[in-house]
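S.K.: Submitted below is the structure of interest, expressed as C-alpha cells.
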Amino acid sequence: MKNRPQWNRLDNAAKIFPPTSNATDPKVFRCCCELYDDVEPSLLQEALDAATLRMPYFTSVMKKGFFWYYFEQSTLKPEVKEDYKDPCSVLYNQDRRSLLFEVTYYKNRINLEMFHALTDGTGALQFLESIVLRYLQKKHRLDYDMVLMDNELIESQLSQDSFSKFYSKVRIRGKKNPLAYQLRGERNPDYRYGVIQCIMPAGDMRKLAKRHDATLTELLTAYLIEAIHETMSVSHEDKPVVISVPVNLRNYFPSTSMRNFFGVILISHAYASQGKTFSDVLSNVKKQFKSQLKPGAIEARMNQLSSVEHNPAARLTPLILKSPTLSLANYTFSRSLTAGISNLGVIRIPAEFEAYIRLFSIFSSTSKLNICVCSYLDQMALTFTSSLLSPDVQRAFIRTLTKAGIEVAIDTNFSETINMRASP
Amino acid sequence: MICKKCDIQIWGHPNCCPLCGTKLSGVHLRDSAFPEIPPPRQPRRFAFNLVVFITIAAAIISFVINYVTPHDSWWFLFVMGGLGSFWAAFAVALFKRRNIYKLIVWQEVIFILLSFAWDLLTGYNGWSLNFVIPILCASTLIALTIVAKATHCDVRDYLVYLVIGIVTGLFSLIFLLFRVVTIMIPTMICLGTCLIFLSALFVFEGKTLVTELKRRMHI
C-alpha cells in the first residue's frame, strides 16, 4: 500500500491568508538570525534537512478543496539558497505546488521566510532556532543533545490546531470599527518593501518603558501613534489612528502549537477628541491594553473569530464563493487600521550557543506600515516594513527614540538604485 | 557611517541617510545584512501588448470595412465574437500556465461554452452537442492521461482533474436521455470513454481516490 501523506485543516487565523495573499501584501514574514561567522551553505542544508525531518508539518503544500483550503505534507525538499529576492515577496502561488517557506543566507545571516498561513512569528522562530542550533552544532562540533530538546515537544502537539482546542461558546458581539486614518503617498516600485531595521540596547529600552510606567509594547505603540501624528494634517485629526497589535495566545492558553495561535487587538487614538499631548496618548493606550488583555476579554475575542468557521452555513459555502467574501472582509477590516506593531518578545537560546549568535530580527509584509520587535541578549531589533517610499513616520519614530537617549543603529535594504527606479 | 542630523549609526555603504537624505560622515561600521537585489525582469510585456493592440485594431478595421462597403449584414460582429473567443482561451492559457492539468480542464470548459454559444447564436444546428462537446470531453481525458504518464507525476496531483473531466463527460448522458442529441455515435463514444476511465480509477487507485475526495470535500 502506498503511504498517504498526512493532511491538516487550516487553523482559524490561517484561513484568511490564502485568499488575501497578493503581490501588494503576500502575507509573508521573515525571521533572521545573524551569526558571527559567514554561513556555510552545505552545513546549513544539512541542518535544514534534519529540522524538517523532525517537523514534517513545515513541508506542507497548500491544496484547494471544494469547501476549504488544506495543507498536505509533501516530499518536496527545501533548498538553501543565497538571498536572491526582495524581502517578504510572494511565496504562495495557487497554481504551483511548492513549499510555503524558504531558507536563504547572506554572508553571516540566515533568513527564514514563511507564508503566514503555515505558522505565526512564534512558530517560525522555533523552527528557525531548531535549524540554527543544528547548524551551529555541526559547524562547531558542539556537544549538545538535540534529541533532548526535541523530545520535549511531540509532533502531534506541534501541529495541533489550538484555536479549535480552546474554542468555547463564550463570546462578545463584534462592533463595527470606525474608519481609521490612512497613510498615503507614492509607493516603492515593483511591490518592493522598504525595510528599516533598528538595533538598540534592550536594557535601555526597558528602562525607558519603566520610566513611563508602561510595558514596552505600550510605549512603542504610543510612540508609533505619535510618529504617525507628525505626518498628519490637522484636518485628518478627527479620524482615529488605529494600531493593530497581535497577541500571542500561547501566553493565555496552555499550548505549545507551532501553528498560528494569535489574536489581534486594536489600539486607537483620535487626536481631535482624546487629547493631543504625549501623556494623553500614552494613558489612552495603556487603558486600552489593560481592558483588552483581561483574560476574559482575550477568550471572548478568540471565540468571536472562531465562531464564523463553526457556523454551518459558512462551512457549506463553496470555496469559490468563500474566497471573495474573505477578501472583501479583509479589505473592510484593513480600512479600520492605520498600522501594525508586533512584539515577539525575548528570544532565549541554550547558553552553549550564545557565543555564536549575534542577533535575531523579524519583519513582515504589510499593506500599511508595520513594526516587528524582538530582543536577544542585550540587543533589541525593531524592524519597519512599509510599501511607502517616504520614510517620514520611521524618521519621526527613530528621532523620538534618540531624543530619549537611546543609541540606535539602522540597517536598510534601501539602495540608490531603488530611488533611481522610483523617480522617472 | 553616522547621520548627525538623526543621531544614528548606519550600517552598509550608503552615501546618504535613508531617513533624512543628509550626506553621511564617519567610517564604515558593519556590513549591511541586505544584498542589493536587481529589479525584476519584465516578462514578455511587449509581446503581450502587441497581441492586445492587434485585437483592438482588427476589431476597428473590420467595423470600418463592414460599414463602408455595401452590406446586408453586420458581419463585423462575427469578427468581434471570434476575437472574444480567442481572448477567452488565450487568457485561460496565460493565467493557468503553471499547472498543466488545471489548464487542460479549464480549456475544455471554455471550449464547451464557446462552441455551444456559437452554435446557439448561428441558429442552432446542433453541431456543438452532437459532435464538438463529446469529442472534447473524451480527448480531455486522453490528454490528461498522456501528460500524467509523460511527466511521471504523483497520481494525487491529477486525480481531481481526471474526476472533473469524467463528471463533465457524463453530463452528455442527460442530453442523450432528453433526446437533445440527435447523432448517437460521438456521444456514445464519449460516455464509453468516461466509464472506462472511471472503472480504471476505481480498480487501480480506488483507495487513493476515496481519501483524496475526502480531503477535497472536507467541510
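Naming scheme: A, B, ... for chains in displayed order of the C-alpha cells; residues 1 onward per chain; ligands 1 onward as shown.
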Got a sec: who's within 8 Å of Ala59 (chain B), counting only C-alpha atoms, leaving out chain neighbours fewer than 6 positions off, as a PyMOL selection string?
M.R.: chain B and resi 76+79-80+83
S.K.: Give me, as JSON, numbers by chain, the residues of chain A touching chain B, with the criterion being at most 8 Å (counting only C-alpha atoms).
M.R.: {"A": [4, 7, 64, 65, 66, 67, 68, 70, 83, 84, 85, 86, 95, 96, 106, 107, 109, 190, 315, 316, 391, 392, 394, 395, 398, 399, 402, 407, 408, 409, 410, 411, 412, 413, 414, 415, 416]}
S.K.: Considering only strand (DSSP E or B) as DSSP defines it on the backbone, what residues of region 119-340 of chain A qualify? List them as a list in words.
M.R.: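 DSSP-assigned strand (DSSP E or B) residues in region 119-340 of chain A: Arg187, Gly194, Val195, Ile196, Gln197, Cys198, Ile199, Met200, Pro201, Val241, Val242, Ile243, Ser244, Val245, Pro246, Val247, Asn248, Phe262, Gly263, Val264, Ile265, Leu266, Ile267, Ser268, His269, Ala339 and Gly340 of chain A.
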S.K.: Go ahead and write the selection's residues with N, CA and C atoms as an mmCIF file, in the first residue's frame.
M.R.:
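This is the output file selection-v6.cif:
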data_model
loop_
_atom_site.group_PDB
_atom_site.id
_atom_site.type_symbol
_atom_site.label_atom_id
_atom_site.label_comp_id
_atom_site.auth_asym_id
_atom_site.auth_seq_id
_atom_site.Cartn_x
_atom_site.Cartn_y
_atom_site.Cartn_z
ATOM 1 N N ARG A 187 4.364 54.863 -3.744
ATOM 2 C CA ARG A 187 4.823 53.557 -3.270
ATOM 3 C C ARG A 187 6.132 53.152 -3.918
ATOM 4 N N GLY A 194 10.230 48.714 1.752
ATOM 5 C CA GLY A 194 11.363 49.365 2.381
ATOM 6 C C GLY A 194 11.496 48.785 3.781
ATOM 7 N N VAL A 195 12.635 48.170 4.061
ATOM 8 C CA VAL A 195 12.852 47.563 5.373
ATOM 9 C C VAL A 195 13.877 48.402 6.113
ATOM 10 N N ILE A 196 13.521 48.870 7.301
ATOM 11 C CA ILE A 196 14.480 49.597 8.131
ATOM 12 C C ILE A 196 14.591 48.870 9.455
ATOM 13 N N GLN A 197 15.772 48.313 9.693
ATOM 14 C CA GLN A 197 15.970 47.547 10.916
ATOM 15 C C GLN A 197 16.757 48.397 11.902
ATOM 16 N N CYS A 198 16.199 48.581 13.100
ATOM 17 C CA CYS A 198 16.875 49.393 14.111
ATOM 18 C C CYS A 198 17.365 48.479 15.224
ATOM 19 N N ILE A 199 18.628 48.612 15.577
ATOM 20 C CA ILE A 199 19.169 47.815 16.670
ATOM 21 C C ILE A 199 19.421 48.744 17.856
ATOM 22 N N MET A 200 18.874 48.360 19.003
ATOM 23 C CA MET A 200 19.007 49.214 20.189
ATOM 24 C C MET A 200 19.354 48.365 21.398
ATOM 25 N N PRO A 201 19.949 48.957 22.421
ATOM 26 C CA PRO A 201 20.211 48.195 23.651
ATOM 27 C C PRO A 201 18.890 47.870 24.344
ATOM 28 N N VAL A 241 -6.173 57.199 14.790
ATOM 29 C CA VAL A 241 -5.022 56.411 14.367
ATOM 30 C C VAL A 241 -5.185 55.058 15.050
ATOM 31 N N VAL A 242 -5.269 53.994 14.255
ATOM 32 C CA VAL A 242 -5.543 52.680 14.835
ATOM 33 C C VAL A 242 -4.366 51.741 14.580
ATOM 34 N N ILE A 243 -3.847 51.165 15.649
ATOM 35 C CA ILE A 243 -2.710 50.251 15.547
ATOM 36 C C ILE A 243 -3.195 48.848 15.888
ATOM 37 N N SER A 244 -2.934 47.905 15.001
ATOM 38 C CA SER A 244 -3.298 46.524 15.329
ATOM 39 C C SER A 244 -2.121 45.850 16.013
ATOM 40 N N VAL A 245 -2.414 45.171 17.092
ATOM 41 C CA VAL A 245 -1.366 44.520 17.882
ATOM 42 C C VAL A 245 -1.699 43.034 18.030
ATOM 43 N N PRO A 246 -0.948 42.168 17.338
ATOM 44 C CA PRO A 246 -1.188 40.737 17.514
ATOM 45 C C PRO A 246 -0.791 40.287 18.910
ATOM 46 N N VAL A 247 -1.588 39.408 19.483
ATOM 47 C CA VAL A 247 -1.314 38.900 20.824
ATOM 48 C C VAL A 247 -1.044 37.407 20.727
ATOM 49 N N ASN A 248 0.048 36.975 21.307
ATOM 50 C CA ASN A 248 0.397 35.565 21.311
ATOM 51 C C ASN A 248 -0.509 34.826 22.291
ATOM 52 N N PHE A 262 -2.661 33.210 17.416
ATOM 53 C CA PHE A 262 -2.600 34.596 17.870
ATOM 54 C C PHE A 262 -3.951 35.264 17.654
ATOM 55 N N GLY A 263 -4.161 36.329 18.387
ATOM 56 C CA GLY A 263 -5.346 37.144 18.184
ATOM 57 C C GLY A 263 -4.880 38.565 17.966
ATOM 58 N N VAL A 264 -5.769 39.436 17.540
ATOM 59 C CA VAL A 264 -5.355 40.806 17.276
ATOM 60 C C VAL A 264 -6.198 41.745 18.116
ATOM 61 N N ILE A 265 -5.549 42.688 18.798
ATOM 62 C CA ILE A 265 -6.319 43.735 19.466
ATOM 63 C C ILE A 265 -6.047 45.062 18.761
ATOM 64 N N LEU A 266 -7.022 45.967 18.811
ATOM 65 C CA LEU A 266 -6.859 47.258 18.137
ATOM 66 C C LEU A 266 -6.730 48.361 19.180
ATOM 67 N N ILE A 267 -5.686 49.174 19.024
ATOM 68 C CA ILE A 267 -5.459 50.294 19.932
ATOM 69 C C ILE A 267 -5.644 51.569 19.112
ATOM 70 N N SER A 268 -6.547 52.437 19.552
ATOM 71 C CA SER A 268 -6.789 53.618 18.723
ATOM 72 C C SER A 268 -6.677 54.902 19.542
ATOM 73 N N HIS A 269 -6.362 55.960 18.827
ATOM 74 C CA HIS A 269 -6.337 57.263 19.481
ATOM 75 C C HIS A 269 -6.801 58.319 18.482
ATOM 76 N N ALA A 339 -1.809 51.124 11.061
ATOM 77 C CA ALA A 339 -0.508 50.462 11.037
ATOM 78 C C ALA A 339 -0.544 49.304 12.020
ATOM 79 N N GLY A 340 0.545 48.575 12.083
ATOM 80 C CA GLY A 340 0.578 47.419 12.984
ATOM 81 C C GLY A 340 1.883 47.343 13.734
#
S.K.: Out of region 11-206 of chain B, which residues get alpha helix (DSSP H) from DSSP, as a PyMOL selection string?
M.R.: chain B and resi 45-68+76-95+100-121+127+133-151+155-170+172-177+184-206
S.K.: Take the residues from that selection and write them out as a compact mmCIF listing (two decimals), in the first residue's frame, keeping C-alpha atoms.
M.R.:
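What landed in out-v1.txt:
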# COMPACT_ATOMS: atom_id res chain seq x y z
CA ARG B 45 5.45 42.53 -21.79
CA PHE B 46 5.88 43.80 -25.33
CA ALA B 47 4.62 40.61 -27.00
CA PHE B 48 1.51 40.67 -24.81
CA ASN B 49 0.83 44.34 -25.54
CA LEU B 50 1.25 43.66 -29.25
CA VAL B 51 -1.41 40.93 -29.15
CA VAL B 52 -3.78 43.27 -27.29
CA PHE B 53 -3.18 46.02 -29.84
CA ILE B 54 -3.65 43.74 -32.87
CA THR B 55 -7.00 42.52 -31.48
CA ILE B 56 -8.28 46.05 -30.95
CA ALA B 57 -7.05 47.15 -34.38
CA ALA B 58 -8.64 44.13 -36.08
CA ALA B 59 -12.00 44.89 -34.44
CA ILE B 60 -11.91 48.55 -35.56
CA ILE B 61 -10.79 47.73 -39.11
CA SER B 62 -13.47 45.06 -39.57
CA PHE B 63 -16.15 47.51 -38.41
CA VAL B 64 -14.93 50.24 -40.76
CA ILE B 65 -14.75 47.90 -43.78
CA ASN B 66 -18.16 46.46 -42.94
CA TYR B 67 -19.62 49.99 -42.71
CA VAL B 68 -18.18 51.50 -45.88
CA PHE B 76 -18.11 42.55 -38.12
CA LEU B 77 -19.97 41.19 -35.08
CA PHE B 78 -18.71 37.73 -36.04
CA VAL B 79 -15.18 39.03 -36.17
CA MET B 80 -15.64 40.54 -32.72
CA GLY B 81 -17.07 37.25 -31.42
CA GLY B 82 -14.10 35.38 -32.87
CA LEU B 83 -11.66 37.77 -31.23
CA GLY B 84 -13.54 37.48 -27.94
CA SER B 85 -13.40 33.68 -28.11
CA PHE B 86 -9.70 33.82 -28.85
CA TRP B 87 -9.16 36.02 -25.80
CA ALA B 88 -11.16 33.74 -23.51
CA ALA B 89 -8.99 30.77 -24.47
CA PHE B 90 -5.77 32.79 -24.52
CA ALA B 91 -6.36 34.37 -21.11
CA VAL B 92 -7.00 30.98 -19.52
CA ALA B 93 -3.85 29.60 -21.09
CA LEU B 94 -1.88 32.55 -19.77
CA PHE B 95 -3.21 32.54 -16.20
CA ILE B 100 -0.94 21.88 -16.95
CA TYR B 101 -3.79 19.69 -15.62
CA LYS B 102 -5.74 22.71 -14.49
CA LEU B 103 -5.03 24.31 -17.87
CA ILE B 104 -6.39 21.32 -19.80
CA VAL B 105 -9.62 21.17 -17.77
CA TRP B 106 -10.13 24.94 -17.97
CA GLN B 107 -9.61 24.86 -21.74
CA GLU B 108 -12.14 22.04 -22.02
CA VAL B 109 -14.76 24.06 -20.15
CA ILE B 110 -14.04 27.24 -22.13
CA PHE B 111 -14.31 25.43 -25.46
CA ILE B 112 -17.54 23.67 -24.42
CA LEU B 113 -19.12 27.01 -23.52
CA LEU B 114 -17.81 28.78 -26.62
CA SER B 115 -18.88 26.08 -29.07
CA PHE B 116 -22.35 25.95 -27.56
CA ALA B 117 -22.64 29.76 -27.66
CA TRP B 118 -21.55 29.89 -31.31
CA ASP B 119 -23.94 27.11 -32.26
CA LEU B 120 -26.80 28.88 -30.50
CA LEU B 121 -26.05 32.32 -31.98
CA TRP B 127 -23.25 20.52 -34.09
CA ILE B 133 -18.68 18.59 -26.87
CA PRO B 134 -18.47 14.77 -26.73
CA ILE B 135 -15.21 14.76 -28.68
CA LEU B 136 -13.79 17.47 -26.36
CA CYS B 137 -14.74 15.51 -23.25
CA ALA B 138 -13.19 12.27 -24.45
CA SER B 139 -10.00 13.90 -25.69
CA THR B 140 -9.57 15.82 -22.41
CA LEU B 141 -9.40 12.54 -20.52
CA ILE B 142 -6.90 11.13 -23.00
CA ALA B 143 -4.81 14.33 -22.90
CA LEU B 144 -4.70 14.32 -19.07
CA THR B 145 -3.55 10.70 -19.05
CA ILE B 146 -0.85 11.25 -21.67
CA VAL B 147 0.56 14.27 -19.81
CA ALA B 148 0.43 12.45 -16.48
CA LYS B 149 2.27 9.43 -17.82
CA ALA B 150 4.80 11.55 -19.69
CA THR B 151 5.71 13.64 -16.65
CA VAL B 155 -1.38 10.31 -9.11
CA ARG B 156 -2.80 12.59 -6.39
CA ASP B 157 -1.73 15.66 -8.33
CA TYR B 158 -4.02 15.00 -11.27
CA LEU B 159 -6.66 12.72 -9.79
CA VAL B 160 -9.10 15.50 -9.05
CA TYR B 161 -8.82 16.89 -12.61
CA LEU B 162 -9.48 13.45 -14.04
CA VAL B 163 -12.60 13.24 -11.85
CA ILE B 164 -13.78 16.66 -13.06
CA GLY B 165 -13.18 15.53 -16.66
CA ILE B 166 -15.19 12.34 -16.15
CA VAL B 167 -18.08 14.17 -14.45
CA THR B 168 -18.22 16.73 -17.29
CA GLY B 169 -18.31 13.92 -19.83
CA LEU B 170 -21.08 12.07 -18.02
CA SER B 172 -23.82 14.19 -22.04
CA LEU B 173 -25.91 11.27 -20.75
CA ILE B 174 -28.57 13.85 -19.83
CA PHE B 175 -28.57 15.26 -23.36
CA LEU B 176 -28.89 11.72 -24.67
CA LEU B 177 -31.84 10.87 -22.40
CA MET B 184 -25.59 8.91 -31.34
CA ILE B 185 -22.08 7.79 -32.20
CA PRO B 186 -19.87 10.63 -30.74
CA THR B 187 -21.86 10.83 -27.51
CA MET B 188 -21.80 7.06 -27.03
CA ILE B 189 -18.03 7.04 -27.60
CA CYS B 190 -17.68 9.85 -25.05
CA LEU B 191 -19.79 8.03 -22.44
CA GLY B 192 -17.88 4.81 -23.04
CA THR B 193 -14.55 6.58 -22.58
CA CYS B 194 -15.74 8.16 -19.34
CA LEU B 195 -16.92 4.83 -17.95
CA ILE B 196 -13.65 3.11 -18.91
CA PHE B 197 -11.64 5.84 -17.16
CA LEU B 198 -13.92 5.71 -14.15
CA SER B 199 -13.56 1.96 -13.76
CA ALA B 200 -9.79 2.20 -14.27
CA LEU B 201 -9.65 4.80 -11.48
CA PHE B 202 -11.60 2.59 -9.10
CA VAL B 203 -9.70 -0.56 -9.94
CA PHE B 204 -6.17 0.85 -9.79
CA GLU B 205 -6.45 3.87 -7.46
CA GLY B 206 -9.65 3.20 -5.52
S.K.: Using only C-alpha atoms, which residues sit within 12 Å of Phe278 (chain A) once same-chain residues fewer than 5 positions away are excluded, as a PyMOL selection string?
M.R.: chain A and resi 212+219+221-227+229-230+269+271+283-285+400
S.K.: Can you write out the residues you just picked, keeping N, CA and C atoms, as a PDB file, in the first residue's frame?
M.R.:
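Generated file (again25.pdb):
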ATOM      1  N   HIS A 212       8.307  55.493  31.951  1.00  0.00           N
ATOM      2  CA  HIS A 212       6.965  55.938  31.578  1.00  0.00           C
ATOM      3  C   HIS A 212       5.889  55.102  32.252  1.00  0.00           C
ATOM      4  N   LEU A 219       4.528  51.378  25.236  1.00  0.00           N
ATOM      5  CA  LEU A 219       5.322  52.567  24.922  1.00  0.00           C
ATOM      6  C   LEU A 219       5.560  52.678  23.411  1.00  0.00           C
ATOM      7  N   THR A 221       3.808  51.420  21.004  1.00  0.00           N
ATOM      8  CA  THR A 221       2.545  51.743  20.333  1.00  0.00           C
ATOM      9  C   THR A 221       2.269  53.246  20.425  1.00  0.00           C
ATOM     10  N   ALA A 222       2.484  53.801  21.625  1.00  0.00           N
ATOM     11  CA  ALA A 222       2.254  55.235  21.810  1.00  0.00           C
ATOM     12  C   ALA A 222       3.210  56.049  20.930  1.00  0.00           C
ATOM     13  N   TYR A 223       4.483  55.628  20.869  1.00  0.00           N
ATOM     14  CA  TYR A 223       5.457  56.318  20.012  1.00  0.00           C
ATOM     15  C   TYR A 223       5.042  56.250  18.547  1.00  0.00           C
ATOM     16  N   LEU A 224       4.544  55.082  18.142  1.00  0.00           N
ATOM     17  CA  LEU A 224       4.144  54.929  16.736  1.00  0.00           C
ATOM     18  C   LEU A 224       2.964  55.844  16.413  1.00  0.00           C
ATOM     19  N   ILE A 225       1.994  55.916  17.332  1.00  0.00           N
ATOM     20  CA  ILE A 225       0.845  56.798  17.113  1.00  0.00           C
ATOM     21  C   ILE A 225       1.332  58.241  16.994  1.00  0.00           C
ATOM     22  N   GLU A 226       2.274  58.622  17.878  1.00  0.00           N
ATOM     23  CA  GLU A 226       2.826  59.979  17.824  1.00  0.00           C
ATOM     24  C   GLU A 226       3.555  60.237  16.501  1.00  0.00           C
ATOM     25  N   ALA A 227       4.334  59.240  16.040  1.00  0.00           N
ATOM     26  CA  ALA A 227       5.090  59.420  14.795  1.00  0.00           C
ATOM     27  C   ALA A 227       4.148  59.575  13.608  1.00  0.00           C
ATOM     28  N   HIS A 229       1.139  60.752  13.835  1.00  0.00           N
ATOM     29  CA  HIS A 229       0.504  62.051  14.020  1.00  0.00           C
ATOM     30  C   HIS A 229       1.339  63.175  13.411  1.00  0.00           C
ATOM     31  N   GLU A 230       2.655  63.040  13.501  1.00  0.00           N
ATOM     32  CA  GLU A 230       3.530  64.082  12.943  1.00  0.00           C
ATOM     33  C   GLU A 230       3.359  64.254  11.439  1.00  0.00           C
ATOM     34  N   HIS A 269      -6.362  55.960  18.827  1.00  0.00           N
ATOM     35  CA  HIS A 269      -6.337  57.263  19.481  1.00  0.00           C
ATOM     36  C   HIS A 269      -6.801  58.319  18.482  1.00  0.00           C
ATOM     37  N   TYR A 271      -6.995  62.151  17.848  1.00  0.00           N
ATOM     38  CA  TYR A 271      -6.390  63.367  18.385  1.00  0.00           C
ATOM     39  C   TYR A 271      -7.405  64.459  18.659  1.00  0.00           C
ATOM     40  N   SER A 283      -1.554  57.389  28.139  1.00  0.00           N
ATOM     41  CA  SER A 283      -2.514  56.882  29.131  1.00  0.00           C
ATOM     42  C   SER A 283      -3.695  56.217  28.428  1.00  0.00           C
ATOM     43  N   ASN A 284      -4.098  56.767  27.277  1.00  0.00           N
ATOM     44  CA  ASN A 284      -5.174  56.153  26.499  1.00  0.00           C
ATOM     45  C   ASN A 284      -4.762  54.756  26.018  1.00  0.00           C
ATOM     46  N   VAL A 285      -3.528  54.650  25.521  1.00  0.00           N
ATOM     47  CA  VAL A 285      -3.021  53.365  25.031  1.00  0.00           C
ATOM     48  C   VAL A 285      -2.979  52.343  26.166  1.00  0.00           C
ATOM     49  N   THR A 400      12.388  60.147  17.963  1.00  0.00           N
ATOM     50  CA  THR A 400      11.853  60.156  19.329  1.00  0.00           C
ATOM     51  C   THR A 400      12.736  59.299  20.228  1.00  0.00           C
TER      52      THR A 400
END
S.K.: Between CA of Tyr252 (chain A) and CA of Thr122 (chain A), what is the distance, to one decimal in Å?
M.R.: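 About the pair CA of Tyr252 (chain A) and CA of Thr122 (chain A): they are 14.0 Å apart.
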